[in-house]
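Text of structure_1.tsv, listed as TSV, C-alpha atoms:
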chain	number	residue	atom	x	y	z
A	154	MET	CA	-25.44	6.11	25.72
A	155	LYS	CA	-21.64	6.00	25.43
A	156	LYS	CA	-21.84	2.50	23.98
A	157	LEU	CA	-24.35	3.70	21.39
A	158	VAL	CA	-22.11	6.59	20.38
A	159	ALA	CA	-19.12	4.26	20.15
A	160	LEU	CA	-21.10	1.84	18.00
A	161	LEU	CA	-22.22	4.61	15.69
A	162	LEU	CA	-18.66	5.91	15.38
A	163	ILE	CA	-17.38	2.44	14.49
A	164	THR	CA	-20.11	2.00	11.92
A	165	TRP	CA	-19.73	5.41	10.32
A	166	LEU	CA	-15.98	5.76	10.44
A	167	LEU	CA	-14.34	2.35	10.55
A	168	VAL	CA	-16.46	0.44	8.06
A	169	PRO	CA	-15.98	2.91	5.19
A	170	LEU	CA	-12.25	3.02	5.98
A	171	ILE	CA	-12.02	-0.76	5.76
A	172	ALA	CA	-14.04	-0.77	2.55
A	173	LEU	CA	-11.73	1.86	1.04
A	174	GLY	CA	-8.77	-0.46	0.95
A	175	ALA	CA	-10.61	-3.70	0.31
A	176	VAL	CA	-10.20	-5.94	-2.70
A	177	GLU	CA	-13.19	-6.36	-4.97
A	178	ASN	CA	-15.63	-9.19	-4.39
A	179	PHE	CA	-15.97	-10.88	-7.78
A	180	SER	CA	-19.13	-12.62	-6.58
A	181	ASP	CA	-20.80	-9.22	-7.02
A	182	TYR	CA	-19.72	-9.07	-10.66
A	183	THR	CA	-21.65	-10.15	-13.75
A	184	GLU	CA	-20.26	-13.26	-15.41
A	185	VAL	CA	-20.73	-13.87	-19.13
A	186	ASP	CA	-19.40	-17.34	-19.80
A	187	PRO	CA	-20.81	-19.01	-22.93
A	188	GLY	CA	-17.93	-21.48	-22.98
A	189	SER	CA	-18.38	-22.48	-19.30
A	190	ASP	CA	-14.66	-21.82	-18.88
A	191	LEU	CA	-14.70	-19.63	-15.79
A	192	THR	CA	-14.87	-20.32	-12.08
A	193	VAL	CA	-15.60	-17.13	-10.18
A	194	ILE	CA	-15.10	-16.91	-6.43
A	195	SER	CA	-14.92	-13.80	-4.29
A	196	THR	CA	-11.27	-12.89	-4.95
A	197	LYS	CA	-10.38	-14.95	-8.00
A	198	ILE	CA	-11.52	-15.62	-11.56
A	199	ASP	CA	-10.13	-18.90	-12.81
A	200	ALA	CA	-10.07	-19.44	-16.57
A	201	VAL	CA	-9.37	-22.91	-17.95
A	202	SER	CA	-8.82	-23.65	-21.64
A	203	VAL	CA	-10.61	-20.54	-22.86
A	204	LEU	CA	-11.11	-20.81	-26.62
A	205	ALA	CA	-10.46	-17.81	-28.88
A	206	THR	CA	-14.03	-18.04	-30.12
A	207	SER	CA	-15.63	-17.90	-26.68
A	208	ASN	CA	-16.72	-14.41	-25.72
A	209	ASP	CA	-16.14	-14.85	-21.97
A	210	TYR	CA	-15.90	-11.89	-19.63
A	211	VAL	CA	-16.66	-10.62	-16.14
A	212	TYR	CA	-17.62	-7.03	-15.41
A	213	LYS	CA	-19.25	-4.66	-12.94
A	214	ASP	CA	-21.31	-1.53	-13.50
A	215	MET	CA	-19.75	1.08	-11.20
A	216	GLY	CA	-22.04	3.90	-12.35
A	217	ALA	CA	-21.69	6.53	-15.06
A	218	ALA	CA	-18.26	8.20	-15.20
A	219	TYR	CA	-17.15	6.35	-12.07
A	220	PHE	CA	-13.60	6.14	-13.38
A	221	ASN	CA	-12.84	9.80	-13.95
A	222	GLY	CA	-9.64	11.67	-13.30
A	223	ASP	CA	-6.66	9.97	-11.71
A	224	PHE	CA	-6.78	6.45	-10.29
A	225	THR	CA	-4.58	3.64	-9.04
A	226	HIS	CA	-5.69	0.01	-9.23
A	227	HIS	CA	-3.98	-3.18	-8.10
A	228	VAL	CA	-4.62	-6.57	-9.67
A	229	GLU	CA	-2.77	-9.85	-10.00
A	230	VAL	CA	-2.71	-12.10	-13.05
A	231	TYR	CA	-1.45	-15.63	-13.48
A	232	ILE	CA	-0.24	-15.95	-17.07
A	233	GLY	CA	-0.56	-19.58	-18.07
A	234	ALA	CA	0.28	-21.28	-21.33
A	235	SER	CA	-1.57	-20.75	-24.58
A	236	ARG	CA	-1.82	-23.46	-27.21
A	237	ASP	CA	-0.42	-21.58	-30.20
A	238	GLY	CA	1.23	-18.66	-28.40
A	239	GLY	CA	0.36	-14.97	-28.48
A	240	TYR	CA	-2.78	-15.45	-26.49
A	241	GLY	CA	-4.10	-14.79	-23.02
A	242	GLU	CA	-6.60	-12.84	-20.98
A	243	ASN	CA	-7.28	-9.18	-20.31
A	244	PRO	CA	-6.96	-9.12	-16.50
A	245	TRP	CA	-8.03	-5.49	-16.29
A	246	GLY	CA	-10.12	-3.25	-18.49
A	247	LEU	CA	-12.35	-0.19	-18.45
A	248	LYS	CA	-15.15	0.42	-20.96
A	249	ASN	CA	-18.47	2.12	-21.37
A	250	ASP	CA	-20.36	-0.92	-22.64
A	251	THR	CA	-20.92	-4.52	-21.62
A	252	ASN	CA	-19.89	-6.26	-24.87
A	253	GLY	CA	-16.56	-7.62	-23.65
A	254	PHE	CA	-13.34	-7.22	-25.63
A	255	PRO	CA	-13.84	-8.51	-29.18
A	256	TYR	CA	-10.71	-8.55	-31.34
A	257	THR	CA	-11.13	-7.04	-34.79
A	258	GLY	CA	-8.10	-8.68	-36.35
A	259	THR	CA	-5.75	-5.75	-35.93
A	260	ALA	CA	-6.56	-4.44	-32.49
A	261	VAL	CA	-8.97	-4.70	-29.62
A	262	SER	CA	-12.31	-2.90	-29.85
A	263	VAL	CA	-10.97	0.06	-31.84
A	264	ASN	CA	-14.38	1.59	-32.39
A	265	VAL	CA	-14.99	2.13	-28.71
A	266	ASP	CA	-12.92	3.74	-25.99
A	267	THR	CA	-11.13	1.32	-23.69
A	268	LEU	CA	-8.18	1.14	-21.37
A	269	HIS	CA	-7.00	-2.40	-20.83
A	270	VAL	CA	-4.19	-4.80	-20.03
A	271	PHE	CA	-3.57	-7.89	-22.17
A	272	ALA	CA	-1.41	-10.60	-20.61
A	273	PRO	CA	-0.49	-13.28	-23.14
A	274	ASP	CA	1.88	-16.22	-23.27
A	275	GLU	CA	4.15	-15.88	-26.30
A	276	GLY	CA	5.89	-19.23	-26.69
A	277	GLY	CA	6.84	-19.37	-23.01
A	278	ASP	CA	7.41	-15.64	-22.68
A	279	ALA	CA	4.95	-13.98	-20.27
A	280	ARG	CA	4.06	-10.51	-21.54
A	281	VAL	CA	2.07	-7.54	-20.36
A	282	PHE	CA	0.51	-5.15	-22.88
A	283	LEU	CA	-0.97	-1.86	-21.69
A	284	CYS	CA	-3.39	-0.52	-24.30
A	285	GLU	CA	-5.68	2.34	-25.07
A	286	SER	CA	-8.31	1.97	-27.79
A	287	ASP	CA	-9.50	5.34	-28.97
A	288	ALA	CA	-12.79	5.60	-30.86
A	289	SER	CA	-11.96	9.05	-32.29
A	290	THR	CA	-8.87	7.82	-34.13
A	291	ALA	CA	-10.14	4.21	-34.43
A	292	LEU	CA	-6.71	3.06	-33.35
A	293	SER	CA	-5.28	1.03	-30.51
A	294	TYR	CA	-2.11	2.21	-28.78
A	295	CYS	CA	-0.07	-0.25	-26.75
A	296	ASP	CA	3.20	-0.60	-24.90
A	297	TRP	CA	4.45	-4.01	-23.81
A	298	ASP	CA	7.21	-5.85	-22.02
A	299	SER	CA	8.28	-9.33	-21.18
A	300	VAL	CA	7.69	-9.98	-17.47
A	301	GLY	CA	8.98	-13.54	-17.05
A	302	THR	CA	8.44	-17.08	-18.21
A	303	THR	CA	5.03	-18.74	-18.30
A	304	PRO	CA	3.49	-19.76	-16.04
A	305	GLU	CA	4.09	-16.48	-14.23
A	306	LEU	CA	2.19	-14.72	-11.45
A	307	VAL	CA	2.42	-10.95	-12.00
A	308	TYR	CA	1.30	-8.24	-9.59
A	309	LEU	CA	0.17	-5.14	-11.46
A	310	LYS	CA	-0.29	-1.56	-10.40
A	311	ILE	CA	-2.21	0.45	-12.99
A	312	VAL	CA	-2.16	4.22	-12.72
A	313	ARG	CA	-3.82	6.96	-14.71
A	314	ASP	CA	-2.35	10.41	-14.12
A	315	GLU	CA	-4.24	13.09	-16.05
A	316	SER	CA	-1.70	15.78	-15.18
A	317	VAL	CA	1.02	14.16	-17.31
A	318	GLY	CA	0.75	15.00	-21.02
A	319	THR	CA	-2.15	16.63	-22.85
A	320	PHE	CA	-4.82	14.02	-22.07
A	321	GLY	CA	-3.05	12.21	-19.26
A	322	THR	CA	-0.85	9.12	-19.26
A	323	ILE	CA	-1.60	5.59	-18.16
A	324	TYR	CA	1.05	3.36	-16.60
A	325	SER	CA	1.21	-0.32	-15.76
A	326	TYR	CA	3.85	-1.41	-13.26
A	327	ALA	CA	4.53	-5.17	-13.21
A	328	TYR	CA	5.98	-6.60	-9.99
A	329	SER	CA	7.09	-10.07	-8.99
A	330	ASP	CA	5.87	-9.75	-5.38
A	331	ALA	CA	2.55	-8.89	-3.79
A	332	ALA	CA	4.13	-6.12	-1.69
A	333	ARG	CA	5.21	-4.52	-4.98
A	334	THR	CA	8.83	-3.99	-3.99
A	335	THR	CA	10.44	-5.73	-6.99
A	336	LEU	CA	9.58	-4.05	-10.27
A	337	THR	CA	9.93	-6.16	-13.41
A	338	ALA	CA	8.79	-3.72	-16.08
A	339	THR	CA	6.88	-0.50	-16.67
A	340	GLN	CA	4.55	0.17	-19.58
A	341	SER	CA	3.14	3.60	-20.40
A	342	VAL	CA	0.80	5.13	-22.96
A	343	ALA	CA	0.25	8.88	-23.38
A	344	LEU	CA	-3.53	9.05	-23.87
A	345	HIS	CA	-5.17	10.36	-27.04
A	346	THR	CA	-7.81	12.89	-28.21
A	347	SER	CA	-9.57	13.57	-24.88
A	348	LYS	CA	-9.74	12.84	-21.17
A	349	LYS	CA	-12.21	9.98	-20.91
A	350	ASP	CA	-14.44	8.67	-18.15
A	351	PHE	CA	-15.43	5.02	-17.85
A	352	ARG	CA	-18.31	3.15	-16.25
A	353	TYR	CA	-17.57	-0.61	-16.35
A	354	VAL	CA	-14.58	-2.44	-14.92
A	355	TYR	CA	-13.57	-5.83	-16.35
A	356	PRO	CA	-11.30	-8.03	-14.19
A	357	PHE	CA	-11.43	-10.71	-16.87
A	358	ALA	CA	-12.12	-10.64	-20.60
A	359	ASN	CA	-11.18	-13.02	-23.34
A	360	ARG	CA	-9.77	-11.36	-26.44
A	361	TYR	CA	-12.68	-12.81	-28.36
A	362	GLU	CA	-12.09	-13.71	-32.02
A	363	SER	CA	-14.62	-14.85	-34.60
A	364	SER	CA	-12.51	-17.87	-35.58
A	365	GLY	CA	-9.44	-19.77	-34.45
A	366	THR	CA	-8.44	-22.75	-32.33
A	367	ASN	CA	-6.07	-21.06	-29.87
A	368	TYR	CA	-6.81	-21.29	-26.16
A	369	PHE	CA	-5.22	-20.42	-22.82
A	370	SER	CA	-5.52	-20.91	-19.07
A	371	SER	CA	-4.98	-18.16	-16.52
A	372	TYR	CA	-6.50	-16.39	-13.55
A	373	THR	CA	-7.17	-12.92	-12.21
A	374	GLY	CA	-7.03	-12.20	-8.49
A	375	GLU	CA	-7.11	-9.51	-5.84
A	376	LEU	CA	-8.46	-6.53	-7.76
A	377	ASP	CA	-8.25	-3.43	-5.56
A	378	LEU	CA	-9.75	-0.23	-6.96
A	379	ALA	CA	-8.54	1.93	-4.06
A	380	PRO	CA	-5.33	0.45	-2.73
A	381	ALA	CA	-3.65	1.96	0.28
A	382	GLY	CA	-0.07	3.04	-0.21
A	383	PRO	CA	2.26	5.99	-0.48
A	384	THR	CA	1.74	6.67	-4.17
A	385	ALA	CA	-1.91	5.73	-4.58
A	386	SER	CA	-2.96	9.36	-4.68
A	387	TYR	CA	0.12	10.94	-6.24
A	388	ARG	CA	-0.48	13.46	-9.01
A	389	GLY	CA	2.21	14.21	-11.58
A	390	ASP	CA	2.05	17.94	-10.92
A	391	GLY	CA	3.60	17.29	-7.53
A	392	GLY	CA	0.33	17.51	-5.61
A	393	TYR	CA	-1.63	14.87	-3.82
A	394	GLN	CA	-5.30	14.06	-3.89
A	395	GLY	CA	-6.80	13.82	-0.47
A	396	GLU	CA	-4.69	13.13	2.54
A	397	GLU	CA	-1.26	11.62	2.37
A	398	GLU	CA	-0.92	8.21	3.91
B	100	MET	CA	46.39	59.69	-30.15
B	101	LYS	CA	47.01	60.66	-26.55
B	102	PRO	CA	49.82	58.77	-24.78
B	103	LYS	CA	47.48	57.71	-21.95
B	104	LEU	CA	45.14	56.06	-24.44
B	105	LEU	CA	48.09	54.31	-26.10
B	106	ILE	CA	48.82	52.63	-22.80
B	107	ALA	CA	45.26	52.07	-21.60
B	108	LEU	CA	43.97	50.44	-24.80
B	109	PRO	CA	46.48	47.56	-24.97
B	110	VAL	CA	46.09	47.03	-21.21
B	111	ALA	CA	42.31	46.83	-21.57
B	112	ILE	CA	42.62	44.40	-24.48
B	113	LEU	CA	45.07	42.24	-22.54
B	114	ALA	CA	42.81	42.28	-19.51
B	115	LEU	CA	39.86	41.24	-21.67
B	116	LEU	CA	41.82	38.41	-23.22
B	117	ALA	CA	43.04	37.30	-19.82
B	118	GLY	CA	39.48	37.32	-18.52
B	119	VAL	CA	38.25	35.26	-21.44
B	120	TRP	CA	41.12	32.81	-20.98
B	121	PHE	CA	40.47	32.60	-17.25
B	122	LEU	CA	36.78	31.95	-17.74
B	123	ARG	CA	37.25	29.37	-20.50
B	124	PRO	CA	35.48	26.09	-19.82
B	125	THR	CA	37.89	23.56	-18.40
B	126	GLU	CA	37.46	19.87	-18.95
B	127	GLN	CA	36.27	19.33	-15.40
B	128	SER	CA	33.54	21.96	-15.58
B	129	ILE	CA	31.90	20.55	-18.73
B	130	PRO	CA	29.32	17.85	-18.14
B	131	LYS	CA	30.59	14.54	-19.43
B	132	THR	CA	27.74	14.32	-21.89
B	133	GLN	CA	29.10	17.41	-23.60
B	134	ILE	CA	32.74	16.27	-23.67
B	135	SER	CA	31.85	13.41	-25.94
B	136	GLY	CA	28.99	15.29	-27.62
B	137	LEU	CA	26.43	12.87	-26.26
B	138	THR	CA	23.55	15.08	-25.27
B	139	PRO	CA	20.44	13.42	-26.75
B	140	THR	CA	19.22	15.52	-29.64
B	141	THR	CA	17.32	13.33	-32.11
B	142	ASP	CA	14.04	11.58	-31.25
B	143	LEU	CA	15.84	8.24	-31.41
B	144	GLU	CA	18.49	9.43	-28.96
B	145	LYS	CA	15.85	10.88	-26.64
B	146	PHE	CA	14.02	7.55	-26.78
B	147	GLU	CA	17.27	5.73	-25.96
B	148	TYR	CA	17.93	8.13	-23.08
B	149	SER	CA	14.41	7.67	-21.65
B	150	VAL	CA	14.57	3.88	-21.91
B	151	ARG	CA	17.98	3.71	-20.21
B	152	ALA	CA	17.00	6.20	-17.50
B	153	GLU	CA	13.78	4.26	-16.80
B	154	GLU	CA	15.80	1.04	-16.52
B	155	LEU	CA	18.26	2.68	-14.09
B	156	LEU	CA	15.30	3.92	-12.06
B	157	ARG	CA	13.84	0.40	-11.99
B	158	LEU	CA	17.13	-1.00	-10.70
B	159	GLN	CA	17.34	1.74	-8.07
B	160	HIS	CA	13.72	0.99	-7.04
B	161	ASN	CA	14.54	-2.68	-6.61
B	162	GLU	CA	17.65	-1.89	-4.56
B	163	MET	CA	15.54	0.22	-2.23
B	164	GLY	CA	12.85	-2.48	-2.20
B	165	ALA	CA	15.47	-5.07	-1.17
B	166	LYS	CA	16.66	-2.79	1.64
B	167	PHE	CA	13.08	-2.37	2.81
B	168	ARG	CA	12.46	-6.12	2.81
B	169	ALA	CA	15.70	-6.65	4.72
B	170	GLY	CA	14.71	-4.07	7.33
B	171	GLU	CA	17.59	-1.75	6.41
B	172	ILE	CA	15.16	1.10	5.77
B	173	THR	CA	11.88	1.75	7.53
B	174	GLN	CA	8.38	1.72	6.07
B	175	GLU	CA	8.42	5.52	6.30
B	176	GLU	CA	11.71	5.77	4.37
B	177	TRP	CA	10.42	3.38	1.71
B	178	ASN	CA	7.19	5.37	1.38
B	179	THR	CA	9.12	8.63	1.16
B	180	TYR	CA	11.35	7.20	-1.56
B	181	LEU	CA	8.29	6.10	-3.55
B	182	GLU	CA	6.45	9.39	-3.07
B	183	LYS	CA	9.21	11.92	-3.51
B	184	ASP	CA	11.72	10.18	-5.73
B	185	PHE	CA	10.58	7.16	-7.71
B	186	THR	CA	7.02	8.12	-8.64
B	187	PRO	CA	7.56	11.62	-10.09
B	188	LYS	CA	10.57	10.43	-12.09
B	189	SER	CA	8.78	7.33	-13.29
B	190	ARG	CA	5.76	9.35	-14.45
B	191	LYS	CA	7.99	11.74	-16.42
B	192	LEU	CA	10.23	9.09	-17.97
B	193	GLY	CA	7.32	6.79	-18.87
B	194	HIS	CA	5.55	9.61	-20.68
B	195	ASP	CA	8.72	10.78	-22.46
B	196	LYS	CA	9.57	7.23	-23.52
B	197	TYR	CA	6.13	6.76	-25.09
B	198	ILE	CA	6.22	10.12	-26.90
B	199	PHE	CA	9.71	9.68	-28.37
B	200	LYS	CA	8.98	6.08	-29.30
B	201	SER	CA	5.89	7.17	-31.23
B	202	LEU	CA	7.97	9.74	-33.17
B	203	ILE	CA	10.43	7.17	-34.50
B	204	PRO	CA	9.57	6.01	-38.02
B	205	ILE	CA	9.01	2.27	-38.33
B	206	PRO	CA	12.19	0.83	-39.86
B	207	GLU	CA	11.65	-0.12	-43.49
B	208	SER	CA	12.79	-3.46	-44.84
B	209	PRO	CA	15.69	-3.13	-47.35
B	210	ASN	CA	14.20	-6.12	-49.14
B	211	LYS	CA	10.78	-4.65	-49.76
B	212	ASP	CA	11.42	-4.21	-53.49
B	213	VAL	CA	13.03	-7.60	-53.97
B	214	VAL	CA	11.15	-9.58	-56.60
B	215	TYR	CA	11.37	-13.32	-56.43
B	216	SER	CA	11.31	-15.28	-59.67
B	217	SER	CA	12.29	-18.70	-60.90
B	218	SER	CA	15.00	-17.12	-63.07
B	219	SER	CA	16.78	-15.65	-60.02
B	220	PRO	CA	16.11	-18.09	-57.18
B	221	ASP	CA	19.34	-17.25	-55.36
B	222	VAL	CA	18.61	-13.60	-54.72
B	223	SER	CA	20.44	-12.54	-51.55
B	224	LEU	CA	18.48	-10.64	-48.94
B	225	LYS	CA	19.97	-7.85	-46.86
B	226	PRO	CA	19.70	-8.11	-43.08
B	227	GLU	CA	16.42	-6.74	-41.76
B	228	PRO	CA	16.68	-3.58	-39.59
B	229	LYS	CA	15.99	-3.88	-35.88
B	230	SER	CA	12.42	-3.36	-34.82
B	231	ILE	CA	11.62	-0.56	-32.38
B	232	GLU	CA	10.96	-3.21	-29.72
B	233	GLU	CA	14.38	-4.78	-30.32
B	234	MET	CA	15.99	-1.34	-30.10
B	235	GLU	CA	14.15	-0.69	-26.84
B	236	GLN	CA	15.53	-3.91	-25.34
B	237	GLU	CA	19.08	-2.90	-26.36
B	238	PHE	CA	18.66	0.63	-25.05
B	239	LYS	CA	17.96	-0.72	-21.55
B	240	THR	CA	21.67	-1.55	-21.23
B	241	SER	CA	22.98	1.39	-23.25
B	242	THR	CA	26.06	3.20	-21.94
B	243	LYS	CA	25.86	5.99	-24.50
B	244	PHE	CA	24.70	8.65	-22.05
B	245	GLN	CA	25.94	9.55	-18.59
B	246	ILE	CA	22.63	9.60	-16.72
B	247	ASP	CA	22.36	11.11	-13.27
B	248	LEU	CA	19.01	10.07	-11.80
B	249	THR	CA	19.18	12.86	-9.22
B	250	LYS	CA	18.85	15.41	-12.03
B	251	ILE	CA	15.72	13.99	-13.62
Take the structure in the file and write it out as C-alpha cells.
Amino acid sequence: MKKLVALLLITWLLVPLIALGAVENFSDYTEVDPGSDLTVISTKIDAVSVLATSNDYVYKDMGAAYFNGDFTHHVEVYIGASRDGGYGENPWGLKNDTNGFPYTGTAVSVNVDTLHVFAPDEGGDARVFLCESDASTALSYCDWDSVGTTPELVYLKIVRDESVGTFGTIYSYAYSDAARTTLTATQSVALHTSKKDFRYVYPFANRYESSGTNYFSSYTGELDLAPAGPTASYRGDGGYQGEEE
Amino acid sequence: MKPKLLIALPVAILALLAGVWFLRPTEQSIPKTQISGLTPTTDLEKFEYSVRAEELLRLQHNEMGAKFRAGEITQEEWNTYLEKDFTPKSRKLGHDKYIFKSLIPIPESPNKDVVYSSSSPDVSLKPEPKSIEEMEQEFKTSTKFQIDLTKI
C-alpha cells in the first residue's frame, strides 16, 4: 500500500514539476517547410540556406489565449551569415494564426497582432530585434541591438510584464552564456492599444518575402516556456506570481 | 513707535536673515546633477539618461554574474540580486527608454531640399544628422549625468 501511495505521489507531484521547467520538444510542433530547408529534432530547428521566398516556419497550437498576462520564455538562436545581409530568422514569435511571418515590405505582418524576435546578420553584425506588430495601428514597433559578430550563439530571455506601462512592456535580454549571467544587450517595447492574448508559438519562422534572392543559415534551440529561475515570475509592481523560487 | 518695538524689529529681521543665510544650500548639499544644471529635462535628455543608466545596470549585472561564476557570491545572493535589484530597475529603465525614444522626432536631413542638376554638379552637401540609433550607441558611454543606480 505504501509503495502504491509513493508511486502515486511521484506521478502526481514530481512529473508535473519536471514538466514545468522542461524545454519544448520540437518534434511535437507542426513544420511547414516548402523549401525543404529545415531539420527539426526534439530540441533544435536547423535552417540551412533558407531563401527569402520560402515561407518556412514551425509552430505549435497551445490553445486559445494560452499566452495571456505575464510570461518569461528562454530560447537560444545561432545567427549565421546571410548572403546579402539584413536577413535571418525569427527564433521566437507569438501569433493568433498559422500563416507564418510574411514580410510586407515595410514591416512584419502589420495587419495581425504579433510579438516576435528577428535575429539577422547585417554584414557580419549579429543583431536582435524585438518587435510588436499591432493590427489596430497597422504598425510594427521594434527595438534592436547588436549582440556580436556572426556567426553568434545568443541566449535570449523574453519577458512580458503587463504591469509596466499602459498595456504592458515586452523585453528581450540577450546573453552570451546559457546560464544567462553575461548580458550583452536589452531590447524593450512598450506595448500598444490593448493587452493581447496569443495562441500559437513559433520557434522558427522565415521572414517570408514575395521576391528576392537573399538567404541565411541559422538554428533555434532550447525553447523553454516556463523556465525556472529567480525572476521568472517577477511582476513589475513588486509582486510575484505564484511561489518564489 | 514704542522703544521696545524699535529694538525688537531689527533684531527679528537680523535673526531672519541669519536663519536664511544659515539654511542656504551649500555646494556639498546640492546633488551634483544640479550644480552643473544637468538634471534631464527634455525628452532627448531623458532618453540619454535612460540609455546610460541601463548600460550601467548591464555592467553591474555582469560584474555580479562574474562573481557568481567565480564562486564569490552564492546562488542565493545572485538570485536575490536579480530579484530585488536588477529586475525591477531593468523593467523601469527599459520602459522609460522606449517611451522617451519614441518621443524624439526623427532627425531631418539638411539636404532634403537640395536639387541636383547638370548646371550645378558640385553642390556641397551638409553632414547628415545622427540617427536615433547612432545617438543611442553614443549615449551608452555618456558622462553627462551623474547616475546613482541605488536611487533608481
Excluding A:Gly216 and residues on its chain fewer than 6 positions from it, collect all residues at most 10 Å away from it, counting all atoms listed in the file, and give them as an NGL selection string.
:A and (249 or 351-353)
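Picture a line from atom CA of A:Gly374 to atom CA of A:Ser180; it runs 12.3 Å.
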Measuring atom to atom with all atoms listed in the file, identify which of A:Ala331, A:Leu376, A:Ala343, A:Ala175 is nearest to chain B.
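Under the stated criterion, the closest residue is A:Ala343.
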Taking all atoms listed in the file into account, which of B:Arg157, B:Lys188, B:His194, B:Lys225 comes nearest A:Phe320?
B:His194
Counting only C-alpha atoms, what are the residues of chain B within 9 Å of chain A, and for each of them which pair of atoms is the nearest and at what distance in Å, to one decimal? Sort the table by chain and rising number, as a tab-separated table.
residue	atom	partner	partner_atom	distance
B:Glu153	CA	A:Thr339	CA	8.4
B:Glu154	CA	A:Ala338	CA	8.5
B:Arg157	CA	A:Leu336	CA	6.4
B:Leu158	CA	A:Leu336	CA	8.2
B:His160	CA	A:Leu336	CA	7.3
B:Asn161	CA	A:Thr335	CA	5.1
B:Glu162	CA	A:Thr335	CA	8.5
B:Met163	CA	A:Thr334	CA	8.1
B:Gly164	CA	A:Thr334	CA	4.7
B:Ala165	CA	A:Thr334	CA	7.3
B:Phe167	CA	A:Thr334	CA	8.2
B:Arg168	CA	A:Thr334	CA	8.0
B:Trp177	CA	A:Pro383	CA	8.8
B:Asn178	CA	A:Pro383	CA	5.3
B:Thr179	CA	A:Pro383	CA	7.5
B:Leu181	CA	A:Thr384	CA	6.6
B:Glu182	CA	A:Thr384	CA	5.5
B:Lys183	CA	A:Gly391	CA	8.7
B:Thr186	CA	A:Thr384	CA	7.1
B:Pro187	CA	A:Gly389	CA	6.1
B:Ser189	CA	A:Thr339	CA	8.7
B:Arg190	CA	A:Gly389	CA	6.7
B:Lys191	CA	A:Val317	CA	7.4
B:Gly193	CA	A:Ser341	CA	5.5
B:His194	CA	A:Ala343	CA	6.0
B:Asp195	CA	A:Ala343	CA	8.7
B:Lys196	CA	A:Ser341	CA	8.0
B:Tyr197	CA	A:Val342	CA	6.0
B:Ile198	CA	A:Ala343	CA	7.0
B:Glu232	CA	A:Trp297	CA	8.8
Spatial neighbours of B:Phe238, 10 Å, all atoms listed in the file, chain gap at least 3 places, as a count of residues only
16
